[in-house]
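What follows is the content of upload-v5.cif (mmCIF, C-alpha atoms).
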data_run
loop_
_atom_site.group_PDB
_atom_site.id
_atom_site.type_symbol
_atom_site.label_atom_id
_atom_site.label_comp_id
_atom_site.auth_asym_id
_atom_site.auth_seq_id
_atom_site.Cartn_x
_atom_site.Cartn_y
_atom_site.Cartn_z
ATOM 1 C CA MET P 1 -9.372 -6.914 -22.632
ATOM 2 C CA MET P 2 -10.302 -4.684 -25.505
ATOM 3 C CA ASN P 3 -8.719 -1.499 -24.189
ATOM 4 C CA ARG P 4 -6.256 -0.800 -27.012
ATOM 5 C CA ARG P 5 -8.857 0.653 -29.352
ATOM 6 C CA THR P 6 -10.982 2.244 -26.727
ATOM 7 C CA SER P 7 -13.275 5.093 -27.621
ATOM 8 C CA GLN P 8 -11.776 8.100 -25.883
ATOM 9 C CA GLU P 9 -15.065 9.963 -25.508
ATOM 10 C CA PRO P 10 -17.500 7.557 -23.869
ATOM 11 C CA PRO P 11 -20.386 9.018 -21.870
ATOM 12 C CA GLY P 12 -19.043 10.762 -18.797
ATOM 13 C CA SER P 13 -15.451 11.088 -20.022
ATOM 14 C CA GLN P 14 -13.601 14.373 -20.026
ATOM 15 C CA PRO P 15 -13.042 16.112 -23.368
ATOM 16 C CA GLU P 16 -9.265 16.245 -22.883
ATOM 17 C CA SER P 17 -9.060 12.455 -22.526
ATOM 18 C CA GLU P 18 -8.022 11.990 -26.178
ATOM 19 C CA SER P 19 -4.458 13.120 -25.490
ATOM 20 C CA GLU P 20 -4.562 11.165 -22.232
ATOM 21 C CA GLY P 21 -5.675 8.069 -24.125
ATOM 22 C CA ALA P 22 -2.765 8.332 -26.540
ATOM 23 C CA LEU P 23 -0.308 8.618 -23.657
ATOM 24 C CA VAL P 24 -1.834 5.944 -21.456
ATOM 25 C CA LEU P 25 -2.708 3.392 -24.090
ATOM 26 C CA GLY P 26 0.550 3.920 -25.982
ATOM 27 C CA SER P 27 2.640 2.806 -23.012
ATOM 28 C CA GLY P 28 -0.011 0.973 -21.003
ATOM 29 C CA LEU P 29 1.372 2.608 -17.846
ATOM 30 C CA ILE P 30 0.777 5.860 -16.019
ATOM 31 C CA ARG P 31 2.980 7.527 -13.416
ATOM 32 C CA LEU P 32 1.140 8.855 -10.368
ATOM 33 C CA ARG P 33 2.666 11.086 -7.704
ATOM 34 C CA ILE P 34 1.495 10.241 -4.190
ATOM 35 C CA ALA P 35 1.952 12.654 -1.274
ATOM 36 C CA GLY P 36 0.611 12.904 2.240
ATOM 37 C CA LEU P 37 0.988 11.545 5.762
ATOM 38 C CA GLY P 38 4.757 12.139 5.553
ATOM 39 C CA HIS P 39 5.193 10.234 2.284
ATOM 40 C CA HIS P 40 6.254 11.420 -1.196
ATOM 41 C CA PHE P 41 6.751 8.825 -3.928
ATOM 42 C CA GLU P 42 5.767 7.821 -7.439
ATOM 43 C CA VAL P 43 3.869 4.749 -8.576
ATOM 44 C CA LEU P 44 4.109 3.382 -12.113
ATOM 45 C CA ILE P 45 0.939 1.385 -12.714
ATOM 46 C CA ALA P 46 -1.202 0.071 -15.582
ATOM 47 C CA ALA P 47 -3.944 2.415 -16.774
ATOM 48 C CA THR P 48 -6.314 -0.567 -16.601
ATOM 49 C CA ALA P 49 -5.492 -1.193 -12.918
ATOM 50 C CA THR P 50 -8.256 -0.369 -10.445
ATOM 51 C CA LEU P 51 -8.225 2.062 -7.548
ATOM 52 C CA ALA P 52 -8.007 -1.001 -5.263
ATOM 53 C CA ASP P 53 -4.805 -2.036 -7.097
ATOM 54 C CA LEU P 54 -3.349 1.440 -6.549
ATOM 55 C CA LYS P 55 -4.180 1.262 -2.837
ATOM 56 C CA ASP P 56 -2.401 -2.097 -2.651
ATOM 57 C CA GLU P 57 0.694 -0.509 -4.265
ATOM 58 C CA ILE P 58 0.543 2.343 -1.750
ATOM 59 C CA GLU P 59 0.219 -0.173 1.074
ATOM 60 C CA GLN P 60 3.399 -1.912 -0.112
ATOM 61 C CA LYS P 61 5.305 1.388 0.050
ATOM 62 C CA THR P 62 3.834 2.824 3.260
ATOM 63 C CA ASP P 63 2.652 -0.149 5.379
ATOM 64 C CA LEU P 64 -0.699 1.679 5.656
ATOM 65 C CA PRO P 65 -3.403 -0.905 4.896
ATOM 66 C CA SER P 66 -5.696 0.106 2.057
ATOM 67 C CA PRO P 67 -8.854 0.384 4.227
ATOM 68 C CA TYR P 68 -7.110 3.181 6.162
ATOM 69 C CA GLN P 69 -6.313 5.160 3.005
ATOM 70 C CA ARG P 70 -8.408 7.970 1.584
ATOM 71 C CA LEU P 71 -7.133 9.239 -1.766
ATOM 72 C CA VAL P 72 -7.989 12.628 -3.231
ATOM 73 C CA ALA P 73 -7.178 13.859 -6.734
ATOM 74 C CA LYS P 74 -8.305 17.065 -8.396
ATOM 75 C CA ARG P 75 -10.275 17.941 -5.234
ATOM 76 C CA LYS P 76 -12.375 14.777 -5.447
ATOM 77 C CA LYS P 77 -12.431 11.896 -2.973
ATOM 78 C CA LEU P 78 -11.788 8.592 -4.710
ATOM 79 C CA ASP P 79 -14.170 6.114 -3.101
ATOM 80 C CA ASP P 80 -15.043 3.538 -5.785
ATOM 81 C CA ASP P 81 -12.269 0.923 -5.627
ATOM 82 C CA THR P 82 -13.598 -0.833 -8.762
ATOM 83 C CA MET P 83 -12.909 2.081 -11.133
ATOM 84 C CA VAL P 84 -9.922 1.789 -13.486
ATOM 85 C CA LEU P 85 -7.264 4.477 -13.171
ATOM 86 C CA GLY P 86 -7.115 5.437 -16.850
ATOM 87 C CA PRO P 87 -9.955 6.230 -19.230
ATOM 88 C CA THR P 88 -13.265 4.376 -19.224
ATOM 89 C CA ILE P 89 -12.960 1.037 -21.042
ATOM 90 C CA MET P 90 -15.566 0.541 -23.753
ATOM 91 C CA ASP P 91 -16.600 -2.467 -25.842
ATOM 92 C CA GLY P 92 -18.539 -0.867 -28.671
ATOM 93 C CA ASN P 93 -21.260 1.146 -26.933
ATOM 94 C CA THR P 94 -21.010 -0.832 -23.705
ATOM 95 C CA ILE P 95 -19.027 0.385 -20.716
ATOM 96 C CA VAL P 96 -16.771 -2.422 -19.500
ATOM 97 C CA SER P 97 -15.132 -0.462 -16.655
ATOM 98 C CA MET P 98 -15.656 3.118 -15.567
ATOM 99 C CA GLY P 99 -12.422 5.091 -15.578
ATOM 100 C CA ILE P 100 -11.182 7.825 -13.290
ATOM 101 C CA GLY P 101 -9.249 9.333 -16.198
ATOM 102 C CA PHE P 102 -5.876 9.892 -14.520
ATOM 103 C CA GLU P 103 -3.249 11.387 -16.766
ATOM 104 C CA ASP P 104 0.458 10.718 -16.514
ATOM 105 C CA ASP P 105 1.999 12.638 -13.586
ATOM 106 C CA THR P 106 -1.308 13.137 -11.747
ATOM 107 C CA LYS P 107 -0.854 14.226 -8.131
ATOM 108 C CA ILE P 108 -2.787 12.254 -5.520
ATOM 109 C CA LEU P 109 -3.154 13.284 -1.894
ATOM 110 C CA MET P 110 -3.154 10.450 0.634
ATOM 111 C CA MET P 111 -5.055 10.933 3.888
ATOM 112 C CA HIS P 112 -6.506 8.702 6.572
ATOM 113 C CA SER P 113 -9.941 7.209 5.983
ATOM 114 C CA PRO P 114 -12.698 7.478 8.623
ATOM 115 C CA LEU P 115 -11.964 3.848 9.587
ATOM 116 C CA TYR P 116 -8.486 4.941 10.674
ATOM 117 C CA GLU P 117 -9.935 6.994 13.547
ATOM 118 C CA GLN P 118 -11.950 3.994 14.741
ATOM 119 C CA ASP P 119 -8.872 1.738 14.831
ATOM 120 C CA LYS P 120 -6.345 4.440 15.739
ATOM 121 C CA GLU P 121 -5.279 2.992 19.110
ATOM 122 C CA GLY P 122 -4.466 -0.432 17.633
ATOM 123 C CA ILE P 123 -2.779 1.111 14.581
ATOM 124 C CA GLU P 124 -0.508 3.235 16.766
ATOM 125 C CA LYS P 125 0.464 0.216 18.870
ATOM 126 C CA LEU P 126 1.253 -1.863 15.780
ATOM 127 C CA THR P 127 3.178 1.019 14.177
ATOM 128 C CA GLY P 128 5.288 1.284 17.334
ATOM 129 C CA LEU P 129 5.915 -2.467 17.248
ATOM 130 C CA MET P 130 6.967 -2.250 13.573
ATOM 131 C CA GLU P 131 9.517 0.366 14.637
ATOM 132 C CA GLU P 132 10.787 -2.024 17.317
ATOM 133 C CA ILE P 133 11.134 -4.730 14.653
ATOM 134 C CA ASP P 134 13.067 -2.297 12.444
ATOM 135 C CA LYS P 135 15.462 -1.544 15.333
ATOM 136 C CA VAL P 136 16.074 -5.256 15.894
ATOM 137 C CA ASP P 137 16.611 -5.707 12.159
ATOM 138 C CA THR P 138 19.104 -2.817 12.096
ATOM 139 C CA GLY P 139 20.971 -4.368 15.029
ATOM 140 C CA ARG P 140 21.004 -7.696 13.181
ATOM 141 C CA ARG P 141 22.304 -6.136 9.955
ATOM 142 C CA ASN P 142 24.993 -4.120 11.772
ATOM 143 C CA ARG P 143 25.940 -7.261 13.710
ATOM 144 C CA ASP P 144 25.330 -5.418 16.985
ATOM 145 C CA MET P 145 23.107 -8.331 18.066
ATOM 146 C CA ASN P 146 23.775 -12.029 17.870
ATOM 147 C CA ASN P 147 21.126 -14.484 16.683
ATOM 148 C CA THR P 148 20.059 -15.456 20.214
ATOM 149 C CA THR P 149 19.399 -11.828 21.148
ATOM 150 C CA VAL P 150 17.469 -11.217 17.902
ATOM 151 C CA GLN P 151 15.306 -14.314 18.462
ATOM 152 C CA GLU P 152 14.525 -13.325 22.072
ATOM 153 C CA LEU P 153 13.604 -9.745 21.105
ATOM 154 C CA ILE P 154 11.406 -10.937 18.229
ATOM 155 C CA ILE P 155 9.560 -13.339 20.557
ATOM 156 C CA GLN P 156 8.920 -10.428 22.965
ATOM 157 C CA VAL P 157 7.621 -8.250 20.102
ATOM 158 C CA CYS P 158 5.373 -11.070 18.831
ATOM 159 C CA CYS P 159 3.832 -11.402 22.310
ATOM 160 C CA LYS P 160 3.076 -7.656 22.267
ATOM 161 C CA ILE P 161 1.582 -7.959 18.764
ATOM 162 C CA ASP P 162 -0.712 -10.781 19.956
ATOM 163 C CA ALA P 163 -1.914 -8.519 22.782
ATOM 164 C CA VAL P 164 -3.186 -5.829 20.364
ATOM 165 C CA GLU P 165 -6.996 -6.051 20.282
ATOM 166 C CA THR P 166 -8.616 -5.868 16.850
ATOM 167 C CA ASN P 167 -12.178 -5.401 18.181
ATOM 168 C CA GLY P 168 -13.582 -7.151 15.121
ATOM 169 C CA SER P 169 -11.814 -4.858 12.641
ATOM 170 C CA GLU P 170 -10.746 -6.838 9.560
ATOM 171 C CA ALA P 171 -8.314 -4.058 8.542
ATOM 172 C CA LEU P 172 -6.630 -4.085 11.964
ATOM 173 C CA ARG P 173 -6.487 -7.882 11.910
ATOM 174 C CA LYS P 174 -4.730 -7.689 8.530
ATOM 175 C CA MET P 175 -2.265 -5.098 9.834
ATOM 176 C CA ARG P 176 -1.532 -7.267 12.877
ATOM 177 C CA LYS P 177 -0.900 -10.255 10.606
ATOM 178 C CA GLN P 178 1.509 -8.183 8.462
ATOM 179 C CA THR P 179 3.377 -7.035 11.582
ATOM 180 C CA ILE P 180 3.801 -10.638 12.734
ATOM 181 C CA LYS P 181 5.029 -11.603 9.260
ATOM 182 C CA LYS P 182 7.585 -8.784 9.351
ATOM 183 C CA ALA P 183 8.844 -9.988 12.750
ATOM 184 C CA GLU P 184 9.054 -13.587 11.534
ATOM 185 C CA ASN P 185 11.057 -12.487 8.474
ATOM 186 C CA VAL P 186 13.636 -10.743 10.676
ATOM 187 C CA ALA P 187 13.919 -13.856 12.868
ATOM 188 C CA ARG P 188 14.277 -16.085 9.786
ATOM 189 C CA MET P 189 16.971 -13.870 8.224
ATOM 190 C CA SER P 190 18.887 -13.813 11.498
ATOM 191 C CA GLU P 191 18.766 -17.616 11.675
ATOM 192 C CA GLU P 192 19.907 -17.907 8.054
ATOM 193 C CA ASN P 193 22.798 -15.481 8.669
ATOM 194 C CA LYS P 194 23.856 -17.510 11.713
ATOM 195 C CA ARG P 195 23.947 -20.661 9.596
ATOM 196 C CA GLY P 196 25.962 -18.819 6.945
ATOM 197 C CA VAL P 197 28.542 -17.648 9.496
ATOM 198 C CA ASP P 198 28.615 -20.832 11.611
ATOM 199 C CA PRO P 199 27.689 -23.735 9.303
#
Here is the file; what I need is its structure written in the form of structure tokens.
Amino acid sequence: MMNRRTSQEPPGSQPESESEGALVLGSGLIRLRIAGLGHHFEVLIAATATLADLKDEIEQKTDLPSPYQRLVAKRKKLDDDTMVLGPTIMDGNTIVSMGIGFEDDTKILMMHSPLYEQDKEGIEKLTGLMEEIDKVDTGRRNRDMNNTTVQELIIQVCCKIDAVETNGSEALRKMRKQTIKKAENVARMSEENKRGVDP
């Protein structure tokens, strides 16, 4: 991409973006501070990454699927997932990608999207099941549970996960799939540890 020599004042950009451009394009990365819904963390991400990429990063850190996220920065809701996080990317006089214009250290508030309310019952059930998986994993790590117990508990949790209705929601289906994957990983690690202890 031709974002190294980007014009810093394309139509619609903010006047202060020149200093932002020097910072962002000099390192290629921006640090964003995310807060909300009980979370506080930083994300280091490319200025050319899109809002969808940022939501994926947030999902990795919070287990909240991106469709359930609503991000707000500088009192504006961020709804266009195709926009790049840094300045607008230009190729001559042509806009390649519209930019949000985040500066380094920008604060972003994370809230629930309207879709969250629609799927709330299923989300709460899956969140509770993730907590159950974490408890089993803690018992496995502390060696409070043997492999047989871990496998039995994970099977029980997986049956509960299968019982969660998605009602056609793609986001809830994705969350259910991630919860199953998390349970399977705990079962796999327990099996591997058993083989390591008792070859």
Chain and number of each residue from the PyMOL selection byres ((chain P and resi 49) around 12), as a ChimeraX atom specification:
/P:1,3,24,28-30,43-48,50-57,81-89,97-102
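When you apply the PyMOL selection byres ((chain P and resi 152) around 12) to this structure, what comes back is P:Ile133, P:Val136, P:Met145, P:Asn146, P:Asn147, P:Thr148, P:Thr149, P:Val150, P:Gln151, P:Leu153, P:Ile154, P:Ile155, P:Gln156, P:Val157, P:Cys158, P:Cys159, P:Ala183, P:Glu184, P:Val186, P:Ala187, P:Ser190.
Summary of the local environment: counting only C-alpha atoms, residues at most 8 Å from Arg70 in chain P, other than itself and those fewer than 3 positions away along its chain, are Lys77, Leu78, Asp79, Met110, Met111, His112 and Ser113 of chain P.
One finds CA of Ile58 in chain P at 8.3 Å from CA of Ile34 in chain P.
Atom pair CA of Met175 in chain P / CA of Arg141 in chain P: separated by 24.6 Å.
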How big is the axis-aligned box around the listed atoms of range 160-176 of chain P once 5 Å is added on each side, and where is its centre? Give both in Å to one decimal, as AutoDock Vina command-line options.
--center_x -5.3 --center_y -7.4 --center_z 15.7 --size_x 26.7 --size_y 16.7 --size_z 24.3
For this file, the PyMOL selection byres ((chain P and resi 123) around 10) selects which residues, as JSON, numbers by chain?
{"P": [64, 65, 68, 116, 117, 118, 119, 120, 121, 122, 124, 125, 126, 127, 128, 129, 164, 166, 171, 172, 175, 176]}
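Of note, CA of Lys76 in chain P and CA of Leu37 in chain P are spaced 17.7 Å apart.
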